[in-house]
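Working notes, beginning with the structure itself.
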Amino acid sequence: MEPVIEISNLSFSYPDGKQALEGINLLVQPGEKIALVGANGAGKSTLLYHLNGIFTGSGMIRVNQLELNKNNLPRVRAMVGLVFQNPDDQLFSPTVYEDVAYGPTYQGLDPHTVREKVALALKAVHMEDYAQRNPYHLSSGEKKKIAIATVLSMQPQILAFDEPTAGLDPRARRELIDLLLELQQTMIIATHDMNMVEQLTPRTILLNHGKIVADGPSLDILRNDRLLMTNGLI
Amino acid sequence: MEPVIEISNLSFSYPDGKQALEGINLLVQPGEKIALVGANGAGKSTLLYHLNGIFTGSGMIRVNQLELNKNNLPRVRAMVGLVFQNPDDQLFSPTVYEDVAYGPTYQGLDPHTVREKVALALKAVHMEDYAQRNPYHLSSGEKKKIAIATVLSMQPQILAFDEPTAGLDPRARRELIDLLLELQQTMIIATHDMNMVEQLTPRTILLNHGKIVADGPSLDILRNDRLLMTNGLI
Amino acid sequence: MLFSPINPMHIPDGFLSVLLSIVLWVISVVLIGIALRKTGQTIGERQVPLMGVLAAAIFAGQMLNFSVTGGTSGHLLGAAIAAILLGPWPAVLVMTSVVAVQALLFQDGGILALGANLFNMAIIGPFVAYALFTLLMKLFKKQTWGLFVAGFVAAWSSIFIASLACALQLALSGTSPANIAVPAMGAIHALIGIGEGLITIGALAFIFAARKDLLKADANKPARNIGVVVGGLLISLVLVVLSPLASSHPDGLEWVAEKHGFIEAAREAFYNIVPDYSMPGISNPALATIVAGILGAVIVFGVAYGIARAEKRPSAQDDAQR
Amino acid sequence: MRELYTPNHSAVHRIDARVKVIFTLAFIVFLNLTPSGAWPAYILFFTWMFSLSLSSRLGIAFVLKRSLLALPFVLAALPLVFTGPAPLGQIPVLNTPSLTYSVVGFYRFASIAIKAWVSVMAAVLLAATTRFPDLLTAFSQLKVPALFLTIIGLMWRYLFVISDEVTRMLIARTSRSATAPGSNRSGGSLFWRARVTGGMAGSLFLRSIERSDRVYAAMLSRGYTGQPAAQKTTRLQKKDLLALAAGVILLVLLWLLGVITGG
Ligand SMILES: Nc1ncnc2c1ncn2[C@@H]1O[C@H](COP(=O)(O)OP(=O)(O)OP(=O)(O)O)[C@@H](O)[C@H]1O
Ligand SMILES: Nc1ncnc2c1ncn2[C@@H]1O[C@H](COP(=O)(O)OP(=O)(O)OP(=O)(O)O)[C@@H](O)[C@H]1O
Ligand SMILES: [Mg+2]
Ligand SMILES: [Mg+2]
């Protein structure tokens, strides 16, 4: 099978000169669930942002054989759905419905199809009753689910999550993991939650100072104390 | 020994009518380390805010035999140091030094004493070298430590933490727990981090909808699956 | 406290004559329209979330206060800091959003009076602040303390000048005699302005320590906004001159206006629209005169702005100096 | 900080937002055009707004209380009572000289206060019965530029998030504002307090600026191009138009009544 994501030799520096990614190489097969771990500041979020072209470093990124460049951007964005760490950054519409409908509406779909997609997405996260609520007045777990729905409604083939469990209470966390286990899409999850990694993602990528220092089965990496130690994780 | 904190029959409703605490009774002995757990919205933060009189509900609170009322407020605040979940809410000065010096300066101490207290507080969190740094540019673990220093510089007998480990990477979390284990003060910690509870706080208080539903040895409560289940924790 | 403690400059409905309200609505809409166009052209869509979020921050930042004495406290209104951080035109949009939402959702200021409130707080505020800040920064060149002096002056003036405009509008509408409104509003806001100035210094100090680049970014292109600088200075000048005149010598103004044949036309035009004309404290002609004065100021400003736009190519040297 | 909108299923809530916006504006304009001292007209204006408030089921106490917001500003008009023209009245104060006041001035003052009060009632009713998103849609259909509405929409969305942040900052500051044991002095200098508050404002702005970067990224990743997405425009229904026209005609009549009876 062809890889859904292909990254070769990706490097990126922020405008202030801070080098955040250095020589990243990565192949992702369809349907894989991958964890992205590393200490604070390792470059996890920066890497996720590259997957749908919010940042563009040097090197090459291909999503579904489509090389990421200016022309392809809108199409690539439709394939990669990014869920931010803080749902408040992602929910910017006055109602839950409008937020979930934002992506499909921008895709230029007709109102009827938009409505259908929103309904499906809300159903996937068990939040059908929240359509007319104000995203602000929800609890943090609920917000997280809506943020996921905003991305699901675009039916991307690839889901990218930035620390999805941070700040949830144990049950909300449990429910979220169950939801992610159910979903069939390819998934890349940046996280500090090692228990989730064990349960959810068979493969782990370990970042340190913008470089990939390990890439393999999660259980192997999580049991390699020396590796974790030298990379600021224990 | 006399209890350092004595709460009897405390109830509190937010201005919009939402009842957040109901009939809370609590005795805390000097030097105890206590976890405050419960689902999102259970009332943990609200209870912490009562300890140094930011909110005042009905019922009685005594800190070091001093009943909490308008007249005693400034003195009680000097005894109870509150550390917020998000250190960004707490760090608002251009340098770490000034931030740690806020409490002592507000108390009207002379500059020499202020300097001493700041030095001691920074030493306690192993951040002596950071005095002239801008708190805005620190990593989240570092910020957390500075936030604790801002409270330690007031030399409170009681420390109250709101979700101290949320959002830290595993090592930063580890270091923070070690620091808290070192400190001798009485501690009340609101958290969702059950592993930390096991390691750090011998006693746990479980809240649900503003009421205390369990109060006892942490290990007993954490192993009581039915209790955790009915209170939205698993 | 004499006025609403949150923001004593938000005029509710009922206090301004309908004519004046409409005139100020028109002026505000035109200027905001210019701001929309300029912002759309020059800064790009990245600025849209920035302006929205910053508007929310300024609104919420008005909750920040510090105790002065006995229950009174200083607040931040934010026009100056917005103008310093974003430049004048985006600041106009940000402050417009703030003032409009305050009126629409929180009834802080009227709906018919919104034109006036926008003019005072969303246009005069940023313009005056930006003009003075730019000038003083030029003056102090690279001194760090210059940043803080300029910030203080800009913040204080944005409050003070806007309050003069507010007082004159009340006087023009016959709601409050000029000889009481102007000194009262002026004095109160001279004090409030100090609080604004001090907080602005604190905010600048923090931003200077953390993200110097944000303060540099805008200073690079002041020349493009020379119209705003001229306009802001003119507004300040006109209001500072007009206010004492209006409060002590309404007759003097009348004389000026009569000389220019303004008064008869104005009198006829206003007679039928201004609901009640019998204004205690100010005789009829004086009203018309002051309206004429304001209109004059606006026209002067318009001309100045037009000129500034016409010759908007600044010397490259000017740019390099910053 | 809480929004005013109160969900209810009253007739007033259901009216098209555009109709409500236009009507509210017209109501306030005509009310303010009414000359001073036109008491009968004022009573009718008030009654009208009062009954609308009743039928909105917001609770009349809520509307009345909320509408007193404009009250403090009334002080600005108070001098009219004493500086107005003759005829002058006298209020005996303890002993002579008694307080003189102008009757005309007093009427004007009372008129301003009433207009302000009823206008705020109208504004409260609009805000409390219309969801803010609907209000925004109405404005966009009334041709307010989309760029501007996007900014306001984002602002409204983040207002509550950020005001919570501010609240927490204030709480954090309060909790560290203590008095040393055995001391009575506290508070630091005025200048220092202002500076600390400024630091809070600065950090608030920085956090907001950086947040806006993330919001922008989120918008981009869902297809934002800088152009507003196509808006659905529904035409006003006939009965809405009729109701609006009838309302405005009534307002004109009321205003004429005011012109006849007023000073
Ligand atoms: N806007 C920016 N400008 C400059 N440097 C940045 C910016 N954003 C992030 N960085 C830097 O780039 C590096 C990688 O940041 P990134 O946010 O990708 O880390 P992360 O792995 O997601 O960390 P965390 O676990 O804290 O979320 C860090 O050193 C950070 O300081
Ligand atoms: N300012 C407020 N106004 C009204 N209700 C509030 C306010 N703050 C909190 N509440 C409500 O009070 C209840 C208790 O809130 P609190 O913040 O104490 O919960 P918590 O246990 O700290 O939750 P979390 O784990 O999410 O931090 C919740 O139902 C919440 O919605
Ligand atoms: Mg990250
Ligand atoms: Mg909490």
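FYI, nothing fancy with the structure tokens labels: chains A, B, ... in order, residues from 1 per chain, ligands from 1 as they appear.
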Just need the residues of chain C within 12 Å of chain A, counting only C-alpha atoms, so spit them out as a PyMOL selection string. chain C and resi 46+49+52-53+211-213
Any idea which chain D residues end up within 10 Å of chain A if we count only C-alpha atoms, as a PyMOL selection string please? chain D and resi 131-134+136+150+153-161+211-225+227-232
Given the selection you just returned, output its residues as a file containing N, CA and C atoms, formatted as a JSON list (two decimals), in the first residue's frame.
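Done, and the output landed in out-v6.json:
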```json
[["chain", "number", "residue", "atom", "x", "y", "z"],
["D", 131, "ARG", "N", -30.17, 36.17, 20.14],
["D", 131, "ARG", "CA", -28.86, 35.56, 20.28],
["D", 131, "ARG", "C", -27.84, 36.38, 19.51],
["D", 132, "PHE", "N", -26.66, 36.49, 20.08],
["D", 132, "PHE", "CA", -25.67, 37.34, 19.43],
["D", 132, "PHE", "C", -25.36, 36.88, 18.00],
["D", 133, "PRO", "N", -25.24, 35.57, 17.76],
["D", 133, "PRO", "CA", -25.02, 35.14, 16.37],
["D", 133, "PRO", "C", -26.11, 35.63, 15.42],
["D", 134, "ASP", "N", -27.35, 35.61, 15.89],
["D", 134, "ASP", "CA", -28.45, 36.10, 15.05],
["D", 134, "ASP", "C", -28.30, 37.59, 14.79],
["D", 136, "LEU", "N", -25.51, 39.18, 14.66],
["D", 136, "LEU", "CA", -24.45, 39.33, 13.66],
["D", 136, "LEU", "C", -24.98, 39.04, 12.26],
["D", 150, "THR", "N", -16.66, 39.70, 11.16],
["D", 150, "THR", "CA", -15.78, 38.59, 11.57],
["D", 150, "THR", "C", -15.02, 38.98, 12.83],
["D", 153, "GLY", "N", -17.37, 38.96, 15.73],
["D", 153, "GLY", "CA", -17.75, 37.60, 16.10],
["D", 153, "GLY", "C", -16.64, 36.93, 16.90],
["D", 154, "LEU", "N", -15.40, 37.08, 16.42],
["D", 154, "LEU", "CA", -14.28, 36.49, 17.15],
["D", 154, "LEU", "C", -14.13, 37.13, 18.51],
["D", 155, "MET", "N", -14.33, 38.43, 18.56],
["D", 155, "MET", "CA", -14.19, 39.13, 19.83],
["D", 155, "MET", "C", -15.20, 38.60, 20.84],
["D", 156, "TRP", "N", -16.42, 38.45, 20.37],
["D", 156, "TRP", "CA", -17.47, 37.97, 21.28],
["D", 156, "TRP", "C", -17.12, 36.58, 21.78],
["D", 157, "ARG", "N", -16.63, 35.76, 20.85],
["D", 157, "ARG", "CA", -16.28, 34.39, 21.22],
["D", 157, "ARG", "C", -15.21, 34.37, 22.31],
["D", 158, "TYR", "N", -14.19, 35.21, 22.16],
["D", 158, "TYR", "CA", -13.08, 35.16, 23.10],
["D", 158, "TYR", "C", -13.27, 36.04, 24.32],
["D", 159, "LEU", "N", -14.29, 36.87, 24.27],
["D", 159, "LEU", "CA", -14.53, 37.75, 25.40],
["D", 159, "LEU", "C", -14.65, 36.97, 26.70],
["D", 160, "PHE", "N", -15.41, 35.88, 26.64],
["D", 160, "PHE", "CA", -15.67, 35.15, 27.87],
["D", 160, "PHE", "C", -14.44, 34.35, 28.29],
["D", 161, "VAL", "N", -13.76, 33.79, 27.32],
["D", 161, "VAL", "CA", -12.53, 33.06, 27.63],
["D", 161, "VAL", "C", -11.54, 33.99, 28.32],
["D", 211, "ARG", "N", -2.32, 33.77, 21.22],
["D", 211, "ARG", "CA", -3.50, 32.95, 21.00],
["D", 211, "ARG", "C", -4.07, 33.20, 19.60],
["D", 212, "SER", "N", -4.03, 34.45, 19.18],
["D", 212, "SER", "CA", -4.61, 34.75, 17.87],
["D", 212, "SER", "C", -3.85, 34.02, 16.77],
["D", 213, "ASP", "N", -2.53, 33.80, 16.98],
["D", 213, "ASP", "CA", -1.78, 33.01, 16.00],
["D", 213, "ASP", "C", -2.35, 31.60, 15.91],
["D", 214, "ARG", "N", -2.66, 31.04, 17.08],
["D", 214, "ARG", "CA", -3.18, 29.67, 17.07],
["D", 214, "ARG", "C", -4.58, 29.63, 16.47],
["D", 215, "VAL", "N", -5.37, 30.65, 16.78],
["D", 215, "VAL", "CA", -6.71, 30.70, 16.20],
["D", 215, "VAL", "C", -6.62, 30.78, 14.68],
["D", 216, "TYR", "N", -5.68, 31.58, 14.24],
["D", 216, "TYR", "CA", -5.50, 31.72, 12.79],
["D", 216, "TYR", "C", -5.13, 30.39, 12.17],
["D", 217, "ALA", "N", -4.22, 29.68, 12.85],
["D", 217, "ALA", "CA", -3.83, 28.37, 12.35],
["D", 217, "ALA", "C", -5.05, 27.45, 12.29],
["D", 218, "ALA", "N", -5.88, 27.51, 13.32],
["D", 218, "ALA", "CA", -7.07, 26.66, 13.33],
["D", 218, "ALA", "C", -8.01, 27.02, 12.19],
["D", 219, "MET", "N", -8.14, 28.31, 11.94],
["D", 219, "MET", "CA", -9.03, 28.73, 10.86],
["D", 219, "MET", "C", -8.47, 28.26, 9.51],
["D", 220, "LEU", "N", -7.16, 28.45, 9.34],
["D", 220, "LEU", "CA", -6.53, 28.01, 8.09],
["D", 220, "LEU", "C", -6.75, 26.52, 7.88],
["D", 221, "SER", "N", -6.55, 25.74, 8.95],
["D", 221, "SER", "CA", -6.60, 24.30, 8.74],
["D", 221, "SER", "C", -8.01, 23.84, 8.46],
["D", 222, "ARG", "N", -8.97, 24.73, 8.62],
["D", 222, "ARG", "CA", -10.31, 24.34, 8.21],
["D", 222, "ARG", "C", -10.74, 25.09, 6.96],
["D", 223, "GLY", "N", -9.77, 25.59, 6.22],
["D", 223, "GLY", "CA", -10.10, 26.10, 4.90],
["D", 223, "GLY", "C", -10.29, 27.59, 4.79],
["D", 224, "TYR", "N", -10.03, 28.33, 5.86],
["D", 224, "TYR", "CA", -10.20, 29.78, 5.78],
["D", 224, "TYR", "C", -9.29, 30.37, 4.73],
["D", 225, "THR", "N", -9.80, 31.25, 3.90],
["D", 225, "THR", "CA", -8.99, 31.82, 2.84],
["D", 225, "THR", "C", -8.89, 33.33, 2.95],
["D", 227, "GLN", "N", -11.43, 35.17, 2.62],
["D", 227, "GLN", "CA", -12.74, 35.61, 2.13],
["D", 227, "GLN", "C", -13.82, 35.01, 3.02],
["D", 228, "PRO", "N", -14.82, 35.80, 3.36],
["D", 228, "PRO", "CA", -15.89, 35.23, 4.15],
["D", 228, "PRO", "C", -16.64, 34.17, 3.34],
["D", 229, "ALA", "N", -17.05, 33.10, 4.01],
["D", 229, "ALA", "CA", -17.82, 32.09, 3.31],
["D", 229, "ALA", "C", -19.16, 32.69, 2.89],
["D", 230, "ALA", "N", -19.71, 32.16, 1.81],
["D", 230, "ALA", "CA", -20.95, 32.71, 1.29],
["D", 230, "ALA", "C", -22.03, 32.70, 2.37],
["D", 231, "GLN", "N", -22.73, 33.83, 2.51],
["D", 231, "GLN", "CA", -23.77, 33.93, 3.52],
["D", 231, "GLN", "C", -25.12, 33.58, 2.91],
["D", 232, "LYS", "N", -25.87, 32.82, 3.65],
["D", 232, "LYS", "CA", -27.24, 32.61, 3.18],
["D", 232, "LYS", "C", -28.06, 33.84, 3.55]]
```
Only residues of chain D matter here; which ones have an atom within 6 Å of chain C, counting only C-alpha atoms? Give them as a VMD selection string. chain D and resid 32 to 33 35 72 to 73 77 84 to 85 112 115 to 116 127 151 to 152 154 to 155 158 to 159 163 194 to 195 198 to 199 201 to 202 212 226
Save out the residues we just selected, C-alpha atoms, as a short mmCIF file (atom, residue, chain, number, x, y, z; two decimals), in the first residue's frame.
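File written: selection_9.cif
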```cif
data_model
loop_
_atom_site.label_atom_id
_atom_site.label_comp_id
_atom_site.auth_asym_id
_atom_site.auth_seq_id
_atom_site.Cartn_x
_atom_site.Cartn_y
_atom_site.Cartn_z
CA ASN D 32 -35.06 61.07 21.29
CA LEU D 33 -36.59 63.34 18.65
CA PRO D 35 -39.25 67.41 22.47
CA PRO D 72 -25.34 57.54 37.07
CA PHE D 73 -24.83 59.45 33.86
CA ALA D 77 -27.58 66.71 33.16
CA GLY D 84 -31.86 76.97 33.36
CA PRO D 85 -33.85 80.10 32.48
CA ILE D 112 -33.49 63.49 29.49
CA LYS D 115 -35.52 59.23 27.46
CA ALA D 116 -32.31 57.66 28.67
CA ALA D 127 -29.87 42.18 23.63
CA ILE D 151 -13.74 40.65 13.99
CA ILE D 152 -16.72 41.24 16.25
CA LEU D 154 -14.28 36.49 17.15
CA MET D 155 -14.19 39.13 19.83
CA TYR D 158 -13.08 35.16 23.10
CA LEU D 159 -14.53 37.75 25.40
CA SER D 163 -12.46 37.65 30.89
CA ALA D 194 -0.19 50.61 38.88
CA ARG D 195 2.92 49.03 37.39
CA GLY D 198 0.21 47.19 33.84
CA GLY D 199 2.24 44.01 33.88
CA ALA D 201 -2.35 43.99 31.11
CA GLY D 202 0.87 43.41 29.18
CA SER D 212 -4.61 34.75 17.87
CA GLY D 226 -9.51 35.36 4.06
#
```
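Nearest to ligand 3 of all the residues B:Gly43, B:Gly38, B:Pro3, B:Gly167 is B:Gly167, based on only C-alpha atoms and all ligand atoms.
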Residues of chain B within 12 Å of chain A, counting only C-alpha atoms, what are they? List them as a PyMOL selection string. chain B and resi 37-42+85-86+137-142+162-175+190-195+228-234
Can you tell me, as a ChimeraX atom specification, what residues are no more than 12 Å from Met187 of chain A when counting only C-alpha atoms, ignoring any on the same chain fewer than 2 positions away? /A:4-5,28-36,48,51,79-83,156-162,164,180-185,189-190,200-204
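The nearest approach to Phe45 of chain D among the residues D:Ser102, D:Ile22, D:Gln141, D:Ala122, with only C-alpha atoms taken into account, belongs to D:Ala122.
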Residues of segment 30-233 of chain C classed as helix (DSSP H, G or I) by DSSP on the backbone are to be reported as JSON, numbers by chain. {"C": [30, 31, 32, 33, 34, 35, 36, 37, 38, 39, 40, 41, 42, 47, 48, 49, 50, 51, 52, 53, 54, 55, 56, 57, 58, 59, 60, 61, 79, 80, 81, 82, 83, 84, 85, 86, 88, 89, 90, 91, 92, 93, 94, 95, 96, 97, 98, 99, 100, 101, 102, 103, 104, 105, 106, 114, 115, 116, 117, 118, 119, 120, 121, 122, 123, 124, 125, 126, 127, 128, 129, 130, 131, 132, 133, 134, 135, 136, 137, 138, 139, 140, 144, 145, 146, 147, 148, 149, 150, 151, 152, 153, 154, 155, 156, 157, 158, 159, 160, 161, 162, 163, 164, 165, 166, 167, 168, 169, 170, 171, 172, 178, 179, 180, 181, 182, 183, 184, 185, 186, 187, 188, 189, 190, 191, 192, 193, 194, 195, 196, 197, 198, 199, 200, 201, 202, 203, 204, 205, 206, 207, 208, 209, 210, 212, 213, 214, 215, 216, 217, 218, 219, 223, 224, 225, 226, 227, 228, 229, 230, 231, 232, 233]}
In Å to one decimal, how far is atom CA of Asp215 of chain B from atom 29 (O, counted along the ligand's line) of ligand 2? 20.7 Å
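With only C-alpha atoms taken into account, the protein and nucleic acid residues at most 10 Å from Met49 of chain D (excluding it and anything under 4 positions from it in its own chain) are Phe27, Ile43, Leu44, Phe45, Ser53, Leu54, Ser55, Val118, Ser119, Met121, Ala122 and Leu125 of chain D.
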If you keep N, CA, C and O atoms, can you produce a file of those selected residues as a JSON list (two decimals), in the first residue's frame?
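Done, and the output landed in result_37.json:
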```json
[["chain", "number", "residue", "atom", "x", "y", "z"],
["D", 27, "PHE", "N", -37.12, 53.18, 17.23],
["D", 27, "PHE", "CA", -37.75, 53.52, 18.50],
["D", 27, "PHE", "C", -36.91, 54.56, 19.24],
["D", 27, "PHE", "O", -37.40, 55.58, 19.70],
["D", 43, "ILE", "N", -45.18, 58.76, 28.22],
["D", 43, "ILE", "CA", -45.91, 57.68, 28.88],
["D", 43, "ILE", "C", -46.24, 56.58, 27.89],
["D", 43, "ILE", "O", -46.08, 55.39, 28.17],
["D", 44, "LEU", "N", -46.62, 56.98, 26.65],
["D", 44, "LEU", "CA", -46.94, 55.97, 25.66],
["D", 44, "LEU", "C", -45.70, 55.19, 25.22],
["D", 44, "LEU", "O", -45.74, 53.97, 25.09],
["D", 45, "PHE", "N", -44.59, 55.92, 25.00],
["D", 45, "PHE", "CA", -43.34, 55.23, 24.67],
["D", 45, "PHE", "C", -43.00, 54.20, 25.75],
["D", 45, "PHE", "O", -42.67, 53.06, 25.47],
["D", 53, "SER", "N", -41.65, 44.31, 26.99],
["D", 53, "SER", "CA", -40.84, 43.60, 27.98],
["D", 53, "SER", "C", -41.65, 42.50, 28.65],
["D", 53, "SER", "O", -41.16, 41.40, 28.88],
["D", 54, "LEU", "N", -42.90, 42.84, 28.97],
["D", 54, "LEU", "CA", -43.77, 41.86, 29.61],
["D", 54, "LEU", "C", -43.92, 40.64, 28.71],
["D", 54, "LEU", "O", -43.77, 39.50, 29.14],
["D", 55, "SER", "N", -44.19, 40.91, 27.41],
["D", 55, "SER", "CA", -44.48, 39.77, 26.54],
["D", 55, "SER", "C", -43.21, 39.00, 26.20],
["D", 55, "SER", "O", -43.27, 37.91, 25.66],
["D", 118, "VAL", "N", -35.87, 54.87, 29.04],
["D", 118, "VAL", "CA", -36.67, 54.06, 28.11],
["D", 118, "VAL", "C", -35.78, 53.56, 26.97],
["D", 118, "VAL", "O", -35.94, 52.43, 26.50],
["D", 119, "SER", "N", -34.80, 54.37, 26.54],
["D", 119, "SER", "CA", -33.90, 53.91, 25.48],
["D", 119, "SER", "C", -33.12, 52.69, 25.94],
["D", 119, "SER", "O", -32.94, 51.72, 25.19],
["D", 121, "MET", "N", -34.03, 50.58, 28.14],
["D", 121, "MET", "CA", -34.97, 49.46, 28.15],
["D", 121, "MET", "C", -35.04, 48.80, 26.79],
["D", 121, "MET", "O", -35.00, 47.57, 26.66],
["D", 122, "ALA", "N", -35.13, 49.64, 25.75],
["D", 122, "ALA", "CA", -35.22, 49.09, 24.39],
["D", 122, "ALA", "C", -33.96, 48.29, 24.06],
["D", 122, "ALA", "O", -34.03, 47.19, 23.51],
["D", 125, "LEU", "N", -33.88, 45.04, 25.88],
["D", 125, "LEU", "CA", -34.81, 44.07, 25.29],
["D", 125, "LEU", "C", -34.21, 43.43, 24.05],
["D", 125, "LEU", "O", -34.29, 42.21, 23.86]]
```
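Note that atom CA of Thr134 of chain C and atom CA of Ile192 of chain C are 22.4 Å apart.
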